[in-house]
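Remarks on the structure that follows.
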Amino acid sequence: MDEFQIETAQNVGINQNVASIGDRMLAYLIDSAIILLYGIVVILLLTTLNMDMGDTWAIYLLVSLPAFLYYVLLETFLDGKTVGKVLMKTRVVKLDGSKPSFSNYFVRWILRIVDVVLTSGGVAAFTILIKGNGQRLGDIAAGTTVISEKQLLTIHDTLIKDIPTDYVPTYSQVTMLNDKDMQTVKNLYDNAVRNGHHNIILNLHHRLLKIMMIETTDKPVDFVSTVIKDYNYYTQNM
C-alpha cells in the first residue's frame with residue numbers, strides 16, 4: 001500500500017495510506033450497482049402508474065436526481081464516503097489531511113464525467129497510476145485524494161521493537177511510564193499516523209510532556225516516536 005506524507009498546519013508530518021486502485025474499483029462497482037438498482041426500481045414503480053408519457057418522463061427525471069447526485073451528496077454528508085467506500089474502508093480527504101468542503105466534493109463529482117464516465121475509468125486509472133498520492137483528475141483539481149482506513153496489523157503493532165545496538169536514548173524520563181501506559185500511547189500514535197488524526201498526536205505530545213515534566217523543540221510526531229523508541233531501549237536494557 002503506497003504512502004505519502006502531508007504536513008499539517010500544526011507542523012505534524014503524517015503518513016497517509018493511499019487507497020489501492022483495486023479498492024477504489026470495487027467501491028465504484030458497489031456504488032454503480034446501487035445506482036443501477038435504484039434506477040430499475042424507479043422504472044418499475046413508474047410503469048405501474050397510469051400516466052401519460054409526458055408526465056412519466058417528468059417524474060422520472062425528478063426521482064432520478066438522488067442517483068444523479070449520489071456521489072456528491074453521500075460524500076458531503078458521510079464525511080467523504082459513499083456506500084462503496086464505507087464497505088471498502090476508504091475515504092476522500094484533502095491533501096493536508098483535513099475534511100474536504102462541499103466545493104471540493106463538487107469539483108470531484110463534475111470531473112467524474114471525464115475521469116470515469118466518458119472514458120470508462122481509463123483516465124482515472126492512468127492518472128492514479130502516474131501520481132504518487134492516489135489522485136485522479138478530479139482529485140487534482142479539488143486538492144483531494146482517497147485514503148485507506150484499513151488497519152494492517154503486523155508485528156510492528158506490538159510494543160516490543162528492535163532497537164539498534166548503537167541507539168542513544170533522548171528522554172530518560174520515559175521510565176516514569178509503565179508497559180500499559182506505553183502500549184496505549186503506541187496504539188494511539190500508530191492509529192493517528194495511519195489515519196491522519198494529527199490532533200491525537202498533538203494531545204499525546206502535550207500529555208507526555210506533562211507526565212514526564214520536560215520541554216522539547218521536537219515536532220510532536222517526532223517527539224512521540226522518540227519516546228516510544230526510548231522506552232523500548234530502557235526496558236530492553238534493564
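Ordered as shown in the C-alpha cells, chains take letters A, B, and onward, while each chain numbers its residues from 1 and ligands are numbered from 1 in the order shown.
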request  = Enumerate as a ChimeraX atom specification all residues of range 111-185 of chain A assigned to alpha helix (DSSP H) by DSSP on the backbone, naming them with the chain letters and numbers the document uses.
outcome  = /A:111-112,122-130,137-142,179-185
Contact table range 66-164 of chain A vs range 19-28 of chain A, cut-off 6 Å, shortest pair per residue, only C-alpha atoms, as a Markdown table:
```
| residue | atom | partner | partner_atom | distance |
| --- | --- | --- | --- | --- |
| A:Gly84 | CA | A:Ala27 | CA | 4.0 |
| A:Lys85 | CA | A:Ala27 | CA | 5.3 |
| A:Val146 | CA | A:Ala19 | CA | 5.8 |
| A:Ile147 | CA | A:Ala19 | CA | 4.6 |
| A:Ser148 | CA | A:Ala19 | CA | 4.5 |
```
message = Quick check, in Å to one decimal: how far apart do CA of Thr48 in chain A and CA of Leu65 in chain A lie?
response = 20.1 Å
Could you pull the residues within 12 Å of Ser32 in chain A, counting only C-alpha atoms, minus those fewer than 2 positions along the same chain, as a compact mmCIF listing (two decimals) with all heavy atoms, in the first residue's frame?
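Writing done, so here's part_4.txt:
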```txt
# COMPACT_ATOMS: atom_id res chain seq x y z
N MET A 25 -11.80 0.57 -7.31
CA MET A 25 -12.64 -0.02 -8.36
C MET A 25 -13.80 -0.81 -7.75
O MET A 25 -14.92 -0.74 -8.24
CB MET A 25 -11.78 -0.93 -9.25
CG MET A 25 -10.81 -0.18 -10.16
SD MET A 25 -9.85 -1.29 -11.22
CE MET A 25 -11.16 -2.00 -12.23
N LEU A 26 -13.51 -1.55 -6.69
CA LEU A 26 -14.57 -2.31 -6.03
C LEU A 26 -15.62 -1.38 -5.43
O LEU A 26 -16.82 -1.64 -5.52
CB LEU A 26 -13.98 -3.22 -4.95
CG LEU A 26 -13.23 -4.46 -5.45
CD1 LEU A 26 -12.57 -5.19 -4.28
CD2 LEU A 26 -14.19 -5.40 -6.18
N ALA A 27 -15.16 -0.29 -4.83
CA ALA A 27 -16.09 0.70 -4.27
C ALA A 27 -16.95 1.29 -5.39
O ALA A 27 -18.17 1.48 -5.21
CB ALA A 27 -15.31 1.81 -3.55
N TYR A 28 -16.32 1.57 -6.53
CA TYR A 28 -17.05 2.12 -7.67
C TYR A 28 -18.09 1.13 -8.18
O TYR A 28 -19.24 1.51 -8.50
CB TYR A 28 -16.07 2.46 -8.79
CG TYR A 28 -16.73 2.78 -10.10
CD1 TYR A 28 -17.41 3.98 -10.29
CD2 TYR A 28 -16.70 1.88 -11.17
CE1 TYR A 28 -18.04 4.28 -11.50
CE2 TYR A 28 -17.31 2.16 -12.37
CZ TYR A 28 -17.98 3.36 -12.53
OH TYR A 28 -18.60 3.64 -13.72
N LEU A 29 -17.74 -0.15 -8.26
CA LEU A 29 -18.68 -1.16 -8.72
C LEU A 29 -19.87 -1.30 -7.77
O LEU A 29 -21.02 -1.47 -8.20
CB LEU A 29 -17.97 -2.51 -8.90
CG LEU A 29 -16.94 -2.58 -10.04
CD1 LEU A 29 -16.21 -3.93 -10.02
CD2 LEU A 29 -17.63 -2.38 -11.39
N ILE A 30 -19.58 -1.24 -6.48
CA ILE A 30 -20.66 -1.33 -5.48
C ILE A 30 -21.59 -0.13 -5.62
O ILE A 30 -22.82 -0.28 -5.64
CB ILE A 30 -20.06 -1.39 -4.05
CG1 ILE A 30 -19.32 -2.70 -3.85
CG2 ILE A 30 -21.18 -1.23 -3.01
CD1 ILE A 30 -18.52 -2.75 -2.56
N ILE A 34 -25.61 0.00 -6.83
CA ILE A 34 -26.67 0.65 -6.05
C ILE A 34 -27.45 1.64 -6.91
O ILE A 34 -28.68 1.68 -6.89
CB ILE A 34 -26.07 1.36 -4.82
CG1 ILE A 34 -25.52 0.32 -3.83
CG2 ILE A 34 -27.12 2.24 -4.13
CD1 ILE A 34 -24.75 0.94 -2.68
N ILE A 35 -26.72 2.43 -7.70
CA ILE A 35 -27.37 3.41 -8.58
C ILE A 35 -28.23 2.70 -9.63
O ILE A 35 -29.36 3.11 -9.91
CB ILE A 35 -26.31 4.29 -9.26
CG1 ILE A 35 -25.60 5.17 -8.23
CG2 ILE A 35 -26.94 5.17 -10.34
CD1 ILE A 35 -24.42 5.94 -8.77
N LEU A 36 -27.70 1.61 -10.21
CA LEU A 36 -28.45 0.85 -11.21
C LEU A 36 -29.70 0.24 -10.60
O LEU A 36 -30.79 0.31 -11.21
CB LEU A 36 -27.56 -0.25 -11.79
CG LEU A 36 -28.22 -1.19 -12.81
CD1 LEU A 36 -28.69 -0.40 -14.03
CD2 LEU A 36 -27.25 -2.30 -13.22
N LEU A 37 -29.58 -0.33 -9.41
CA LEU A 37 -30.73 -0.94 -8.74
C LEU A 37 -31.79 0.12 -8.44
O LEU A 37 -33.00 -0.14 -8.63
CB LEU A 37 -30.28 -1.61 -7.44
CG LEU A 37 -31.38 -2.29 -6.61
CD1 LEU A 37 -32.04 -3.40 -7.40
CD2 LEU A 37 -30.80 -2.83 -5.31
N TYR A 38 -31.35 1.28 -8.01
CA TYR A 38 -32.29 2.37 -7.74
C TYR A 38 -33.04 2.76 -9.02
O TYR A 38 -34.26 2.96 -9.01
CB TYR A 38 -31.53 3.58 -7.19
CG TYR A 38 -32.41 4.79 -6.95
CD1 TYR A 38 -33.12 4.93 -5.76
CD2 TYR A 38 -32.51 5.80 -7.90
CE1 TYR A 38 -33.93 6.04 -5.53
CE2 TYR A 38 -33.31 6.91 -7.69
CZ TYR A 38 -34.02 7.03 -6.50
OH TYR A 38 -34.82 8.12 -6.28
N GLY A 39 -32.31 2.85 -10.13
CA GLY A 39 -32.93 3.21 -11.39
C GLY A 39 -33.97 2.18 -11.84
O GLY A 39 -35.03 2.54 -12.34
N ALA A 67 -29.99 9.57 -7.66
CA ALA A 67 -28.98 8.73 -8.32
C ALA A 67 -27.95 9.60 -9.04
O ALA A 67 -26.75 9.33 -9.00
CB ALA A 67 -29.66 7.78 -9.30
N PHE A 68 -28.43 10.67 -9.67
CA PHE A 68 -27.55 11.57 -10.40
C PHE A 68 -26.57 12.28 -9.45
O PHE A 68 -25.39 12.46 -9.77
CB PHE A 68 -28.39 12.61 -11.15
CG PHE A 68 -27.59 13.60 -11.94
CD1 PHE A 68 -26.83 13.19 -13.03
CD2 PHE A 68 -27.58 14.94 -11.58
CE1 PHE A 68 -26.08 14.11 -13.76
CE2 PHE A 68 -26.84 15.86 -12.31
CZ PHE A 68 -26.09 15.44 -13.40
N TYR A 70 -25.70 11.15 -6.46
CA TYR A 70 -25.30 10.14 -5.48
C TYR A 70 -23.94 10.44 -4.84
O TYR A 70 -23.81 10.50 -3.62
CB TYR A 70 -25.27 8.77 -6.16
CG TYR A 70 -24.78 7.63 -5.30
CD1 TYR A 70 -25.65 6.93 -4.46
CD2 TYR A 70 -23.44 7.24 -5.34
CE1 TYR A 70 -25.19 5.87 -3.69
CE2 TYR A 70 -22.97 6.19 -4.57
CZ TYR A 70 -23.85 5.51 -3.74
OH TYR A 70 -23.40 4.47 -2.98
N TYR A 71 -22.92 10.63 -5.67
CA TYR A 71 -21.56 10.78 -5.14
C TYR A 71 -21.38 12.07 -4.34
O TYR A 71 -20.84 12.04 -3.23
CB TYR A 71 -20.54 10.72 -6.28
CG TYR A 71 -20.32 9.32 -6.81
CD1 TYR A 71 -21.00 8.88 -7.93
CD2 TYR A 71 -19.45 8.45 -6.17
CE1 TYR A 71 -20.81 7.59 -8.42
CE2 TYR A 71 -19.26 7.16 -6.64
CZ TYR A 71 -19.94 6.74 -7.77
OH TYR A 71 -19.75 5.46 -8.24
N THR A 82 -18.94 7.03 0.35
CA THR A 82 -20.16 6.52 -0.25
C THR A 82 -20.38 5.14 0.34
O THR A 82 -19.56 4.68 1.15
CB THR A 82 -20.03 6.42 -1.78
OG1 THR A 82 -18.93 5.53 -2.08
CG2 THR A 82 -19.76 7.78 -2.40
N VAL A 83 -21.43 4.46 -0.06
CA VAL A 83 -21.66 3.11 0.46
C VAL A 83 -20.49 2.21 0.08
O VAL A 83 -19.98 1.42 0.89
CB VAL A 83 -22.98 2.53 -0.09
CG1 VAL A 83 -23.14 1.06 0.34
CG2 VAL A 83 -24.17 3.35 0.39
N GLY A 84 -20.03 2.33 -1.16
CA GLY A 84 -18.89 1.53 -1.60
C GLY A 84 -17.64 1.83 -0.81
O GLY A 84 -16.88 0.93 -0.43
N LYS A 85 -17.40 3.10 -0.55
CA LYS A 85 -16.22 3.49 0.22
C LYS A 85 -16.31 3.01 1.67
O LYS A 85 -15.31 2.63 2.28
CB LYS A 85 -16.03 5.01 0.18
CG LYS A 85 -15.58 5.55 -1.18
CD LYS A 85 -15.34 7.04 -1.11
CE LYS A 85 -14.78 7.59 -2.42
NZ LYS A 85 -15.74 7.51 -3.52
N VAL A 116 -14.22 9.18 -15.34
CA VAL A 116 -14.82 7.84 -15.23
C VAL A 116 -15.86 7.57 -16.32
O VAL A 116 -15.77 6.56 -17.03
CB VAL A 116 -15.47 7.66 -13.84
CG1 VAL A 116 -16.08 6.28 -13.72
CG2 VAL A 116 -14.45 7.90 -12.73
N VAL A 117 -16.83 8.45 -16.46
CA VAL A 117 -17.98 8.17 -17.32
C VAL A 117 -17.58 8.09 -18.80
O VAL A 117 -17.81 7.07 -19.46
CB VAL A 117 -19.08 9.23 -17.13
CG1 VAL A 117 -20.26 8.93 -18.07
CG2 VAL A 117 -19.55 9.24 -15.68
```
message = I need the residues of range 15-225 of chain A that end up classed as strand (DSSP E) by DSSP on the backbone, written out as a PyMOL selection string.
response = chain A and resi 15-17+90-94+144-148
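The neighbours of range 98-107 of chain A here are the residues that come within 6 Å of it, using only C-alpha atoms and leaving out any residue fewer than 5 positions away in the same chain; they are Val72, Val93 and Ala142 of chain A.
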Take the selection from the previous step and output its residues with N, CA, C and O atoms, as an mmCIF file, in the first residue's frame.
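What ended up in part.cif:
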```
data_model
loop_
_atom_site.group_PDB
_atom_site.id
_atom_site.type_symbol
_atom_site.label_atom_id
_atom_site.label_comp_id
_atom_site.auth_asym_id
_atom_site.auth_seq_id
_atom_site.Cartn_x
_atom_site.Cartn_y
_atom_site.Cartn_z
ATOM 1 N N VAL A 72 -21.810 13.172 -4.908
ATOM 2 C CA VAL A 72 -21.583 14.448 -4.229
ATOM 3 C C VAL A 72 -22.402 14.541 -2.947
ATOM 4 O O VAL A 72 -21.932 15.100 -1.932
ATOM 5 N N VAL A 93 -10.183 12.695 1.397
ATOM 6 C CA VAL A 93 -9.637 13.715 2.287
ATOM 7 C C VAL A 93 -8.896 14.745 1.452
ATOM 8 O O VAL A 93 -8.540 14.493 0.296
ATOM 9 N N ALA A 142 -9.518 19.281 -7.251
ATOM 10 C CA ALA A 142 -10.161 19.581 -5.966
ATOM 11 C C ALA A 142 -9.173 19.624 -4.805
ATOM 12 O O ALA A 142 -9.533 20.030 -3.703
#
```
Report the closest atom pair, with its distance in Å rounded to one decimal, for each residue of range 64-120 of chain A that has an atom no farther than 12 Å from range 186-200 of chain A; count only C-alpha atoms, sort by chain and then rising residue number, and write it as CSV.
```
residue,atom,partner,partner_atom,distance
A:Lys89,CA,A:Asn195,CA,11.2
A:Thr90,CA,A:Asn195,CA,10.4
A:Arg91,CA,A:Asn195,CA,10.0
A:Val92,CA,A:Asn195,CA,11.7
A:Val93,CA,A:Gly196,CA,9.5
A:Lys94,CA,A:Gly196,CA,10.7
A:Leu95,CA,A:Gly196,CA,10.4
A:Asp96,CA,A:Gly196,CA,8.9
A:Gly97,CA,A:Gly196,CA,5.9
A:Ser98,CA,A:Gly196,CA,8.4
A:Lys99,CA,A:Gly196,CA,10.7
```
Selection to disk with N, CA, C and O atoms, as a short mmCIF file (atom, residue, chain, number, x, y, z; two decimals), in the first residue's frame:
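Produced file out_30.cif, reproduced below:
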```
data_model
loop_
_atom_site.label_atom_id
_atom_site.label_comp_id
_atom_site.auth_asym_id
_atom_site.auth_seq_id
_atom_site.Cartn_x
_atom_site.Cartn_y
_atom_site.Cartn_z
N LYS A 89 -13.67 0.62 3.18
CA LYS A 89 -12.91 1.37 4.19
C LYS A 89 -11.96 2.38 3.55
O LYS A 89 -10.77 2.45 3.87
N THR A 90 -12.51 3.17 2.63
CA THR A 90 -11.75 4.26 2.02
C THR A 90 -12.50 5.56 2.26
O THR A 90 -13.69 5.55 2.58
N ARG A 91 -11.81 6.66 2.08
CA ARG A 91 -12.42 7.97 2.37
C ARG A 91 -11.71 9.07 1.60
O ARG A 91 -10.49 9.02 1.41
N VAL A 92 -12.47 10.06 1.17
CA VAL A 92 -11.90 11.23 0.49
C VAL A 92 -11.42 12.23 1.54
O VAL A 92 -12.15 12.56 2.48
N VAL A 93 -10.18 12.69 1.40
CA VAL A 93 -9.64 13.72 2.29
C VAL A 93 -8.90 14.74 1.45
O VAL A 93 -8.54 14.49 0.30
N LYS A 94 -8.65 15.91 2.03
CA LYS A 94 -7.80 16.90 1.38
C LYS A 94 -6.34 16.48 1.55
O LYS A 94 -6.01 15.68 2.42
N LEU A 95 -5.48 17.05 0.75
CA LEU A 95 -4.08 16.65 0.80
C LEU A 95 -3.40 17.02 2.11
O LEU A 95 -2.35 16.47 2.44
N ASP A 96 -3.98 17.94 2.88
CA ASP A 96 -3.42 18.27 4.18
C ASP A 96 -4.04 17.43 5.29
O ASP A 96 -3.80 17.67 6.47
N GLY A 97 -4.85 16.43 4.90
CA GLY A 97 -5.45 15.53 5.87
C GLY A 97 -6.77 16.01 6.45
O GLY A 97 -7.41 15.30 7.20
N SER A 98 -7.18 17.24 6.13
CA SER A 98 -8.41 17.78 6.70
C SER A 98 -9.64 17.34 5.89
O SER A 98 -9.51 16.75 4.82
N LYS A 99 -10.81 17.64 6.44
CA LYS A 99 -12.05 17.26 5.79
C LYS A 99 -12.34 18.20 4.62
O LYS A 99 -12.30 19.41 4.77
#
```
task = Just the residues within 10 Å of Ile228 in chain A, please, counting only C-alpha atoms, with nothing from its chain fewer than 2 positions along; format it as a ChimeraX atom specification.
result = /A:159-161,171,174,182-183,185-186,189,223-226,230-233
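Pairwise distance (CA of Leu62 in chain A, CA of Arg108 in chain A) equals 23.0 Å.
CA of Leu74 in chain A to CA of Leu118 in chain A spans 21.9 Å [interatomic distance, one decimal].
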